[in-house]
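Below is one structure, written out as structure tokens, with a few remarks after it.
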Amino acid sequence: SFYEPFSLEIVEMDYADDEDKPEALASLLCDIVNDASVNFFAYDIETEMRSKGFGPGEGFPEGMIYYAWDLRNAKVEVSAVDYILFILDWAEDMVEDEQIFPLSFEDKFVPELERDVIKPMFERILHIYAILFHHNTENRIRCSERFSMEESFDRFIYGSLYWGLLDFNSETAKYLQEQIDFPRETYVRELNNKK
């Protein structure tokens, strides 16, 4: 790659606050959601995917379908574009919910924040990257945009590794193995060099 890779030093500087882990996780989550949104909207991937006319269950990596859910928490089959929009809206609503992410220093974060909010959100952001990289492999994203997407993906993987937020044995992680390997190997190497 031609970009400067994300580093453990950056993660520790920006997102490593063991004394206030919920705040560090919330900050990381906000950046990750913003990155995913930029990668989807700024590079016209949404427009490109919509032009293909994907219906429910279409536009996903081969063999994968991700579901949205309705108000009754029932699974709803949607297109890849609608799934991304659904997850980004859901993530934004969660991040803006002051009962989950309070703005006041007097208020406390939800104790179950990591388990109930952050991990499920990271899993679904991984789904978004699987869709984005799936469409990238079809050479639809210009070179500079691809590097930007890889940089934001590195931040995502580094943060996930640092805080243990993803199951790297999931089907989606296996699909993204090639994209995950570089930042994961770099992270492990940096971690070992610190010892």
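Following the order of the structure tokens, first chain is A, next is B, and so on, with residues numbered from 1 inside each chain and ligands from 1 in the order they appear.
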
Problem - Asp89 of chain A surroundings by only C-alpha atoms, 12 Å radius, close-in-sequence under 2 positions cut, as a PyMOL selection string - result: chain A and resi 33-34+36-37+68+82-87+91-96+121+124-125

Save the residues we just selected, N, CA and C atoms, as an mmCIF file, in the first residue's frame?
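Saved the output as selection.cif:
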data_model
loop_
_atom_site.group_PDB
_atom_site.id
_atom_site.type_symbol
_atom_site.label_atom_id
_atom_site.label_comp_id
_atom_site.auth_asym_id
_atom_site.auth_seq_id
_atom_site.Cartn_x
_atom_site.Cartn_y
_atom_site.Cartn_z
ATOM 1 N N VAL A 33 -17.619 4.848 12.821
ATOM 2 C CA VAL A 33 -18.892 5.076 12.130
ATOM 3 C C VAL A 33 -18.725 6.184 11.087
ATOM 4 N N ASN A 34 -18.027 7.263 11.459
ATOM 5 C CA ASN A 34 -17.777 8.346 10.495
ATOM 6 C C ASN A 34 -16.970 7.852 9.302
ATOM 7 N N ALA A 36 -16.797 4.789 8.077
ATOM 8 C CA ALA A 36 -17.636 3.922 7.234
ATOM 9 C C ALA A 36 -18.594 4.772 6.406
ATOM 10 N N SER A 37 -19.146 5.791 7.006
ATOM 11 C CA SER A 37 -20.074 6.670 6.307
ATOM 12 C C SER A 37 -19.375 7.409 5.170
ATOM 13 N N ALA A 68 -31.415 -6.523 8.183
ATOM 14 C CA ALA A 68 -31.805 -5.426 9.051
ATOM 15 C C ALA A 68 -32.874 -6.010 9.988
ATOM 16 N N ASP A 82 -29.316 -0.852 1.198
ATOM 17 C CA ASP A 82 -30.230 -0.554 2.292
ATOM 18 C C ASP A 82 -29.691 -1.045 3.629
ATOM 19 N N TYR A 83 -28.948 -2.143 3.610
ATOM 20 C CA TYR A 83 -28.335 -2.634 4.840
ATOM 21 C C TYR A 83 -27.333 -1.606 5.369
ATOM 22 N N ILE A 84 -26.472 -1.097 4.493
ATOM 23 C CA ILE A 84 -25.478 -0.108 4.911
ATOM 24 C C ILE A 84 -26.170 1.129 5.473
ATOM 25 N N LEU A 85 -27.174 1.622 4.766
ATOM 26 C CA LEU A 85 -27.912 2.801 5.239
ATOM 27 C C LEU A 85 -28.568 2.527 6.588
ATOM 28 N N PHE A 86 -29.156 1.355 6.739
ATOM 29 C CA PHE A 86 -29.808 0.970 7.993
ATOM 30 C C PHE A 86 -28.803 0.968 9.138
ATOM 31 N N ILE A 87 -27.650 0.333 8.926
ATOM 32 C CA ILE A 87 -26.643 0.228 9.988
ATOM 33 C C ILE A 87 -26.061 1.598 10.331
ATOM 34 N N ALA A 91 -26.370 3.160 13.938
ATOM 35 C CA ALA A 91 -25.164 3.529 14.673
ATOM 36 C C ALA A 91 -25.213 5.003 15.086
ATOM 37 N N GLU A 92 -25.642 5.853 14.171
ATOM 38 C CA GLU A 92 -25.736 7.281 14.485
ATOM 39 C C GLU A 92 -26.741 7.522 15.608
ATOM 40 N N ASP A 93 -27.888 6.840 15.560
ATOM 41 C CA ASP A 93 -28.886 6.969 16.629
ATOM 42 C C ASP A 93 -28.316 6.532 17.974
ATOM 43 N N MET A 94 -27.552 5.448 17.975
ATOM 44 C CA MET A 94 -26.958 4.951 19.218
ATOM 45 C C MET A 94 -25.941 5.951 19.766
ATOM 46 N N VAL A 95 -25.087 6.461 18.880
ATOM 47 C CA VAL A 95 -24.046 7.396 19.304
ATOM 48 C C VAL A 95 -24.663 8.689 19.836
ATOM 49 N N GLU A 96 -25.790 9.109 19.268
ATOM 50 C CA GLU A 96 -26.442 10.349 19.704
ATOM 51 C C GLU A 96 -27.372 10.158 20.902
ATOM 52 N N MET A 121 -22.091 -3.281 17.216
ATOM 53 C CA MET A 121 -21.903 -2.256 16.204
ATOM 54 C C MET A 121 -20.642 -2.540 15.390
ATOM 55 N N ARG A 124 -21.292 -5.203 12.861
ATOM 56 C CA ARG A 124 -22.064 -4.726 11.708
ATOM 57 C C ARG A 124 -21.254 -3.772 10.838
ATOM 58 N N ILE A 125 -20.345 -3.013 11.426
ATOM 59 C CA ILE A 125 -19.454 -2.179 10.613
ATOM 60 C C ILE A 125 -18.532 -3.090 9.795
#

Exercise for the section: Quick one: everything within 12 Å of Ile131 of chain A, counting only C-alpha atoms, minus sequence neighbours fewer than 6 positions away in the same chain. Send it as a list in words. Expected result: Ala36, Asn39, Phe40, Ile45, Glu46, Met49, Glu58, Gly59, Phe60, Pro61, Glu62, Gly63, Met64, Ile65, Tyr66, Ser79, Ala80, Val81, Asp82, Tyr83, Ile84, Arg124, Ile125, Thr137, Glu138, Thr172, Ala173, Tyr175 and Leu176 of chain A

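The space between atom CA of Arg155 of chain A and atom CA of Ile32 of chain A spans 7.6 Å.
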
Problem - Ser160 of chain A environment, 10 Å, only C-alpha atoms, sequence neighbours closer than 5 positions dropped, as a PyMOL selection string - result: chain A and resi 25+28+119+122-123+154-155+165-168+184

Atoms kept (all heavy atoms) for selection, written as a compact mmCIF listing (two decimals), in the first residue's frame:
# COMPACT_ATOMS: atom_id res chain seq x y z
N LEU A 25 -13.86 3.99 24.18
CA LEU A 25 -14.61 3.17 23.21
C LEU A 25 -15.60 4.01 22.43
O LEU A 25 -15.77 3.83 21.22
CB LEU A 25 -15.34 2.03 23.93
CG LEU A 25 -14.47 0.88 24.42
CD1 LEU A 25 -15.28 -0.06 25.30
CD2 LEU A 25 -13.85 0.13 23.27
N LEU A 28 -13.68 5.96 19.83
CA LEU A 28 -13.30 5.06 18.73
C LEU A 28 -14.51 4.75 17.87
O LEU A 28 -14.44 4.82 16.63
CB LEU A 28 -12.70 3.77 19.30
CG LEU A 28 -12.38 2.67 18.29
CD1 LEU A 28 -11.31 3.13 17.29
CD2 LEU A 28 -11.91 1.41 19.01
N LYS A 119 -19.66 -3.92 20.69
CA LYS A 119 -19.34 -5.15 19.95
C LYS A 119 -20.34 -5.42 18.83
O LYS A 119 -19.92 -5.70 17.70
CB LYS A 119 -19.23 -6.34 20.91
CG LYS A 119 -17.92 -6.36 21.66
CD LYS A 119 -17.75 -7.62 22.46
CE LYS A 119 -16.38 -7.64 23.11
NZ LYS A 119 -16.11 -8.91 23.79
N PHE A 122 -19.57 -2.95 16.04
CA PHE A 122 -18.34 -3.27 15.32
C PHE A 122 -18.56 -4.45 14.37
O PHE A 122 -18.05 -4.47 13.25
CB PHE A 122 -17.20 -3.56 16.30
CG PHE A 122 -16.34 -2.37 16.56
CD1 PHE A 122 -16.86 -1.23 17.16
CD2 PHE A 122 -15.01 -2.36 16.19
CE1 PHE A 122 -16.08 -0.12 17.39
CE2 PHE A 122 -14.21 -1.25 16.41
CZ PHE A 122 -14.74 -0.13 17.02
N GLU A 123 -19.33 -5.44 14.81
CA GLU A 123 -19.63 -6.59 13.95
C GLU A 123 -20.36 -6.12 12.69
O GLU A 123 -20.05 -6.54 11.58
CB GLU A 123 -20.49 -7.59 14.72
CG GLU A 123 -20.93 -8.77 13.89
CD GLU A 123 -21.92 -9.64 14.67
OE1 GLU A 123 -21.80 -9.74 15.90
OE2 GLU A 123 -22.82 -10.20 14.01
N ASP A 154 -7.87 -0.01 8.55
CA ASP A 154 -6.78 -0.27 9.49
C ASP A 154 -7.12 0.26 10.88
O ASP A 154 -6.91 -0.42 11.88
CB ASP A 154 -5.48 0.39 9.02
CG ASP A 154 -4.78 -0.38 7.92
OD1 ASP A 154 -5.32 -1.42 7.48
OD2 ASP A 154 -3.70 0.07 7.48
N ARG A 155 -7.66 1.48 10.95
CA ARG A 155 -8.06 2.05 12.25
C ARG A 155 -9.09 1.12 12.91
O ARG A 155 -9.02 0.84 14.09
CB ARG A 155 -8.67 3.44 12.07
CG ARG A 155 -9.14 4.03 13.40
CD ARG A 155 -10.15 5.17 13.28
NE ARG A 155 -10.04 6.02 12.15
CZ ARG A 155 -9.52 7.25 12.16
NH1 ARG A 155 -9.02 7.74 13.26
NH2 ARG A 155 -9.51 7.96 11.07
N LEU A 165 -12.76 -6.35 20.24
CA LEU A 165 -14.16 -6.07 19.88
C LEU A 165 -14.73 -6.93 18.76
O LEU A 165 -15.92 -6.86 18.50
CB LEU A 165 -14.30 -4.59 19.50
CG LEU A 165 -13.97 -3.61 20.62
CD1 LEU A 165 -13.94 -2.19 20.08
CD2 LEU A 165 -14.97 -3.75 21.75
N LEU A 166 -13.90 -7.70 18.08
CA LEU A 166 -14.40 -8.50 16.95
C LEU A 166 -14.05 -9.96 17.11
O LEU A 166 -13.01 -10.31 17.67
CB LEU A 166 -13.79 -8.01 15.63
CG LEU A 166 -14.37 -6.77 14.99
CD1 LEU A 166 -13.55 -6.40 13.75
CD2 LEU A 166 -15.82 -6.94 14.62
N ASP A 167 -14.90 -10.80 16.55
CA ASP A 167 -14.62 -12.23 16.43
C ASP A 167 -13.94 -12.42 15.08
O ASP A 167 -14.59 -12.36 14.03
CB ASP A 167 -15.91 -13.03 16.50
CG ASP A 167 -15.71 -14.51 16.24
OD1 ASP A 167 -14.54 -14.96 16.11
OD2 ASP A 167 -16.73 -15.22 16.14
N PHE A 168 -12.64 -12.63 15.09
CA PHE A 168 -11.90 -12.77 13.83
C PHE A 168 -12.06 -14.15 13.21
O PHE A 168 -11.44 -14.44 12.19
CB PHE A 168 -10.42 -12.42 14.04
CG PHE A 168 -10.21 -10.94 14.22
CD1 PHE A 168 -10.09 -10.39 15.48
CD2 PHE A 168 -10.16 -10.10 13.11
CE1 PHE A 168 -9.91 -9.02 15.64
CE2 PHE A 168 -9.99 -8.74 13.26
CZ PHE A 168 -9.87 -8.20 14.52
N ARG A 184 -3.49 -6.64 11.03
CA ARG A 184 -3.35 -7.51 12.20
C ARG A 184 -1.90 -7.91 12.42
O ARG A 184 -1.39 -7.87 13.53
CB ARG A 184 -4.24 -8.74 12.08
CG ARG A 184 -4.13 -9.62 13.32
CD ARG A 184 -5.19 -10.66 13.48
NE ARG A 184 -5.45 -11.43 12.30
CZ ARG A 184 -6.44 -12.30 12.22
NH1 ARG A 184 -7.24 -12.50 13.24
NH2 ARG A 184 -6.64 -12.99 11.12

Quick one: residues within 8 Å of Val110 of chain A, only C-alpha atoms, excluding same-chain residues fewer than 4 positions away - as a PDB file with N, CA and C atoms, in the first residue's frame?
ATOM      1  N   GLN A  99     -28.563   8.563  26.732  1.00  0.00           N
ATOM      2  CA  GLN A  99     -28.668   7.545  27.779  1.00  0.00           C
ATOM      3  C   GLN A  99     -27.560   6.510  27.627  1.00  0.00           C
ATOM      4  N   ILE A 100     -27.046   6.353  26.404  1.00  0.00           N
ATOM      5  CA  ILE A 100     -25.944   5.414  26.161  1.00  0.00           C
ATOM      6  C   ILE A 100     -24.611   6.145  26.222  1.00  0.00           C
ATOM      7  N   PHE A 101     -24.529   7.282  25.524  1.00  0.00           N
ATOM      8  CA  PHE A 101     -23.320   8.097  25.482  1.00  0.00           C
ATOM      9  C   PHE A 101     -23.635   9.487  26.044  1.00  0.00           C
TER      10      PHE A 101
END

Handout entry: Nearest-residue call for Asp31 of chain A, choices A:Leu88, A:Ile128, A:Ser152, A:Gly53, using only C-alpha atoms
Key =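 The shortest atom-to-atom distance to Asp31 of chain A comes from A:Ser152.
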
Handout entry: Val78 of chain A environment, 7 Å, only C-alpha atoms, sequence neighbours closer than 6 positions dropped, as a ChimeraX atom specification
Key = /A:55-57,67-68

Exercise for the section: Would you mind telling me which residue in A:Trp163, A:Lys195, A:Ile157, A:His135 lies nearest to Asp44 of chain A when using only C-alpha atoms? Expected result: A:His135

Exercise for the section: Find the residues near Phe153 of chain A: any atom within 9 Å, counting only C-alpha atoms, skip ones fewer than 4 places away on the same chain, and give them as a ChimeraX atom specification. Expected result: /A:32,35-36,126,129,148-149,157-158,179-180,183

Problem - atom CA of Glu150 of chain A to atom CA of Val38 of chain A, straight-line distance in Å - result: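 Rounded to one decimal, the two atoms are 12.4 Å apart.
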
Practice task
Identify, with DSSP run on backbone atoms, the residues in segment 44-108 of chain A assigned to helix (DSSP H, G or I), and express the list as a list in words.
Solution key: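 Selecting the helix (DSSP H, G or I) positions of segment 44-108 of chain A gives Ile45, Glu46, Thr47, Glu48, Met49, Arg50, Ser51, Ala80, Val81, Asp82, Tyr83, Ile84, Leu85, Phe86, Ile87, Leu88, Asp89, Trp90, Ala91, Glu92, Asp93, Met94, Val95 and Glu96 of chain A.
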
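Across the structure, atom CA of Lys194 of chain A and atom CA of Glu151 of chain A are spaced 22.4 Å apart.
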
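Considering only C-alpha atoms, the residue among A:Ala26, A:His127, A:Ala74, A:Phe54 positioned nearest to Asp97 of chain A is A:Ala26.
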
Practice task
Have a look at A:Leu161, A:Leu71, A:Ala24, A:Val117 and name the one nearest to Val188 of chain A; count only C-alpha atoms.
Solution key: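 When distances to Val188 of chain A are compared using only C-alpha atoms, the smallest one comes from A:Leu161.
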